[in-house]
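Input: a single structure, listed below in structure tokens.
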Amino acid sequence: MKPGIHPAYGPVVFRDKAAGSAFLTRSTATGDKTVEWEDGNIYPVVDVEISSASHPLYTGTARVLDTAGRVERFERRYGRRGAN
């Protein structure tokens with residue numbers, strides 16, 4: 001790699017605001033805030049809105065949409081197709 005053209009790559013704590021969890025990893029992302037981690041060291045922290053700890057796909061709490069109710073509501077509002 002060429003020196004001086006790549007961003008700094010180091011340890012960063014990503015904190016999920018929705019789930020209240022955090023994990024330490026390495027990244028080029030940096031934050032203005034810092035946090036003291038479990039090992040006693042201080043790392044920059046990046047707050048994220050959603051991660052695997054709070055995303056419905058990973059937690060298994062995905063909502064089931066009532067598609068039949070939506071279709072019936074649409075038909076009541078606009079009529080059936082070809083019902084002239």
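Lettering and numbering for the structure tokens are positional, with chains as A, B, ... in the shown order, residues counted from 1 in each chain, and ligands counted from 1 in the shown order.
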Using DSSP on the backbone, list every residue of chain A that comes out as alpha helix (DSSP H), and give them as a PDB file with N, CA, C and O atoms, in the first residue's frame.
```pdb
ATOM      1  N   PRO A  56     -34.577  -6.395  12.969  1.00  0.00           N
ATOM      2  CA  PRO A  56     -35.578  -7.469  13.039  1.00  0.00           C
ATOM      3  C   PRO A  56     -35.175  -8.748  12.311  1.00  0.00           C
ATOM      4  O   PRO A  56     -35.565  -9.838  12.716  1.00  0.00           O
ATOM      5  N   LEU A  57     -34.396  -8.654  11.259  1.00  0.00           N
ATOM      6  CA  LEU A  57     -33.977  -9.849  10.544  1.00  0.00           C
ATOM      7  C   LEU A  57     -33.119 -10.748  11.422  1.00  0.00           C
ATOM      8  O   LEU A  57     -33.259 -11.966  11.413  1.00  0.00           O
ATOM      9  N   TYR A  58     -32.261 -10.164  12.224  1.00  0.00           N
ATOM     10  CA  TYR A  58     -31.349 -10.946  13.069  1.00  0.00           C
ATOM     11  C   TYR A  58     -31.963 -11.311  14.411  1.00  0.00           C
ATOM     12  O   TYR A  58     -31.597 -12.308  15.015  1.00  0.00           O
ATOM     13  N   THR A  59     -32.891 -10.506  14.911  1.00  0.00           N
ATOM     14  CA  THR A  59     -33.477 -10.786  16.219  1.00  0.00           C
ATOM     15  C   THR A  59     -34.692 -11.694  16.138  1.00  0.00           C
ATOM     16  O   THR A  59     -35.127 -12.225  17.158  1.00  0.00           O
ATOM     17  N   THR A  67     -51.307  -8.458   4.342  1.00  0.00           N
ATOM     18  CA  THR A  67     -51.473  -8.106   2.932  1.00  0.00           C
ATOM     19  C   THR A  67     -52.918  -8.275   2.480  1.00  0.00           C
ATOM     20  O   THR A  67     -53.394  -7.525   1.643  1.00  0.00           O
ATOM     21  N   ALA A  68     -53.634  -9.244   3.018  1.00  0.00           N
ATOM     22  CA  ALA A  68     -55.026  -9.439   2.621  1.00  0.00           C
ATOM     23  C   ALA A  68     -55.859  -8.235   3.036  1.00  0.00           C
ATOM     24  O   ALA A  68     -56.708  -7.765   2.296  1.00  0.00           O
ATOM     25  N   GLY A  69     -55.620  -7.713   4.218  1.00  0.00           N
ATOM     26  CA  GLY A  69     -56.352  -6.530   4.675  1.00  0.00           C
ATOM     27  C   GLY A  69     -56.056  -5.319   3.820  1.00  0.00           C
ATOM     28  O   GLY A  69     -56.940  -4.502   3.548  1.00  0.00           O
ATOM     29  N   ARG A  70     -54.853  -5.183   3.358  1.00  0.00           N
ATOM     30  CA  ARG A  70     -54.484  -4.053   2.507  1.00  0.00           C
ATOM     31  C   ARG A  70     -55.176  -4.145   1.149  1.00  0.00           C
ATOM     32  O   ARG A  70     -55.644  -3.153   0.620  1.00  0.00           O
ATOM     33  N   VAL A  71     -55.219  -5.349   0.599  1.00  0.00           N
ATOM     34  CA  VAL A  71     -55.879  -5.534  -0.697  1.00  0.00           C
ATOM     35  C   VAL A  71     -57.368  -5.236  -0.569  1.00  0.00           C
ATOM     36  O   VAL A  71     -57.953  -4.542  -1.403  1.00  0.00           O
ATOM     37  N   GLU A  72     -58.011  -5.750   0.472  1.00  0.00           N
ATOM     38  CA  GLU A  72     -59.435  -5.499   0.676  1.00  0.00           C
ATOM     39  C   GLU A  72     -59.716  -4.014   0.879  1.00  0.00           C
ATOM     40  O   GLU A  72     -60.700  -3.482   0.360  1.00  0.00           O
ATOM     41  N   ARG A  73     -58.868  -3.334   1.613  1.00  0.00           N
ATOM     42  CA  ARG A  73     -59.051  -1.904   1.827  1.00  0.00           C
ATOM     43  C   ARG A  73     -58.899  -1.144   0.506  1.00  0.00           C
ATOM     44  O   ARG A  73     -59.654  -0.225   0.217  1.00  0.00           O
ATOM     45  N   PHE A  74     -57.938  -1.547  -0.316  1.00  0.00           N
ATOM     46  CA  PHE A  74     -57.745  -0.920  -1.622  1.00  0.00           C
ATOM     47  C   PHE A  74     -58.973  -1.140  -2.504  1.00  0.00           C
ATOM     48  O   PHE A  74     -59.451  -0.219  -3.167  1.00  0.00           O
ATOM     49  N   GLU A  75     -59.508  -2.359  -2.513  1.00  0.00           N
ATOM     50  CA  GLU A  75     -60.675  -2.663  -3.335  1.00  0.00           C
ATOM     51  C   GLU A  75     -61.908  -1.905  -2.860  1.00  0.00           C
ATOM     52  O   GLU A  75     -62.719  -1.455  -3.671  1.00  0.00           O
ATOM     53  N   ARG A  76     -62.073  -1.738  -1.553  1.00  0.00           N
ATOM     54  CA  ARG A  76     -63.191  -0.952  -1.036  1.00  0.00           C
ATOM     55  C   ARG A  76     -63.064   0.507  -1.456  1.00  0.00           C
ATOM     56  O   ARG A  76     -64.041   1.162  -1.808  1.00  0.00           O
ATOM     57  N   ARG A  77     -61.869   1.001  -1.422  1.00  0.00           N
ATOM     58  CA  ARG A  77     -61.642   2.421  -1.723  1.00  0.00           C
ATOM     59  C   ARG A  77     -61.756   2.723  -3.214  1.00  0.00           C
ATOM     60  O   ARG A  77     -62.377   3.699  -3.602  1.00  0.00           O
ATOM     61  N   TYR A  78     -61.179   1.863  -4.052  1.00  0.00           N
ATOM     62  CA  TYR A  78     -61.098   2.160  -5.490  1.00  0.00           C
ATOM     63  C   TYR A  78     -61.913   1.209  -6.353  1.00  0.00           C
ATOM     64  O   TYR A  78     -61.963   1.370  -7.561  1.00  0.00           O
TER      65      TYR A  78
END
```
Find the spatial neighbours of region 37-44 of chain A, counting only C-alpha atoms, within a cut-off of 9 Å - ignore same-chain residues fewer than 5 positions away - and output them as number ranges by chain. A: 11-14, 24, 30-32
Produce a file of the selected residues containing all heavy atoms, as a CSV table (one decimal), in the first residue's frame.
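Output contents, as saved in result.csv:
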```csv
chain,number,residue,atom,x,y,z
A,11,PRO,N,-8.7,0.5,16.3
A,11,PRO,CA,-9.9,0.0,17.1
A,11,PRO,C,-10.9,1.1,17.3
A,11,PRO,O,-10.6,2.3,17.6
A,11,PRO,CB,-9.3,-0.4,18.4
A,11,PRO,CG,-8.0,0.3,18.4
A,11,PRO,CD,-7.5,0.5,17.0
A,12,VAL,N,-12.2,0.7,17.1
A,12,VAL,CA,-13.3,1.7,17.3
A,12,VAL,C,-14.5,0.9,18.0
A,12,VAL,O,-14.7,-0.3,17.7
A,12,VAL,CB,-13.8,2.2,16.0
A,12,VAL,CG1,-15.0,3.1,16.1
A,12,VAL,CG2,-12.7,3.0,15.3
A,13,VAL,N,-15.2,1.5,18.9
A,13,VAL,CA,-16.4,0.9,19.5
A,13,VAL,C,-17.6,1.4,18.7
A,13,VAL,O,-17.8,2.6,18.6
A,13,VAL,CB,-16.5,1.3,21.0
A,13,VAL,CG1,-17.8,0.8,21.6
A,13,VAL,CG2,-15.3,0.8,21.7
A,14,PHE,N,-18.4,0.5,18.2
A,14,PHE,CA,-19.7,0.8,17.6
A,14,PHE,C,-20.8,0.6,18.7
A,14,PHE,O,-20.9,-0.5,19.2
A,14,PHE,CB,-19.9,0.0,16.4
A,14,PHE,CG,-19.1,0.5,15.2
A,14,PHE,CD1,-17.9,-0.1,14.9
A,14,PHE,CD2,-19.6,1.4,14.4
A,14,PHE,CE1,-17.2,0.3,13.8
A,14,PHE,CE2,-18.9,1.9,13.3
A,14,PHE,CZ,-17.7,1.3,13.0
A,24,LEU,N,-16.5,-3.9,20.0
A,24,LEU,CA,-15.2,-3.3,19.6
A,24,LEU,C,-14.7,-4.0,18.4
A,24,LEU,O,-14.7,-5.2,18.3
A,24,LEU,CB,-14.2,-3.5,20.8
A,24,LEU,CG,-12.8,-3.1,20.5
A,24,LEU,CD1,-12.7,-1.6,20.4
A,24,LEU,CD2,-11.9,-3.5,21.7
A,30,THR,N,-14.2,7.1,12.5
A,30,THR,CA,-13.8,7.6,13.8
A,30,THR,C,-15.0,8.5,14.3
A,30,THR,O,-15.8,9.0,13.6
A,30,THR,CB,-12.6,8.5,13.7
A,30,THR,OG1,-12.8,9.5,12.8
A,30,THR,CG2,-11.4,7.7,13.3
A,31,GLY,N,-15.0,8.6,15.6
A,31,GLY,CA,-16.0,9.5,16.2
A,31,GLY,C,-15.4,10.6,17.1
A,31,GLY,O,-14.2,10.5,17.5
A,32,ASP,N,-16.2,11.6,17.4
A,32,ASP,CA,-15.7,12.7,18.3
A,32,ASP,C,-15.7,12.3,19.7
A,32,ASP,O,-14.9,12.8,20.5
A,32,ASP,CB,-16.5,13.9,18.1
A,32,ASP,CG,-16.4,14.5,16.7
A,32,ASP,OD1,-15.4,14.2,16.0
A,32,ASP,OD2,-17.4,15.1,16.2
```
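If you measure from each of A:Ser21, A:Thr28, A:Thr34, A:Ser51 to Pro7 (chain A) using only C-alpha atoms, the closest one turns out to be A:Thr28.
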For Glu49 (chain A), find every residue with an atom within 10 Å (counting only C-alpha atoms), except residues of its own chain fewer than 2 positions away, and show them as a PyMOL selection string. chain A and resi 15-19+47+51+54-55
Between A:Val35, A:Val45, A:Ala22, A:Ala29, which one has atoms that come closest to Gly10 (chain A), using only C-alpha atoms?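 Of A:Val35, A:Val45, A:Ala22, A:Ala29, the one nearest Gly10 (chain A) is A:Ala29, counting only C-alpha atoms.
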Atom pair CA of Gly4 (chain A) / CA of Lys33 (chain A): separation (Å): 24.8 Å
Got a sec to tell me which of chain A DSSP assigns to strand (DSSP E or B), as a ChimeraX atom specification? /A:10-16,22-27,33-36,42-48
Mind pulling up the distance from CA of Val46 (chain A) to CA of His6 (chain A)? 19.7 Å
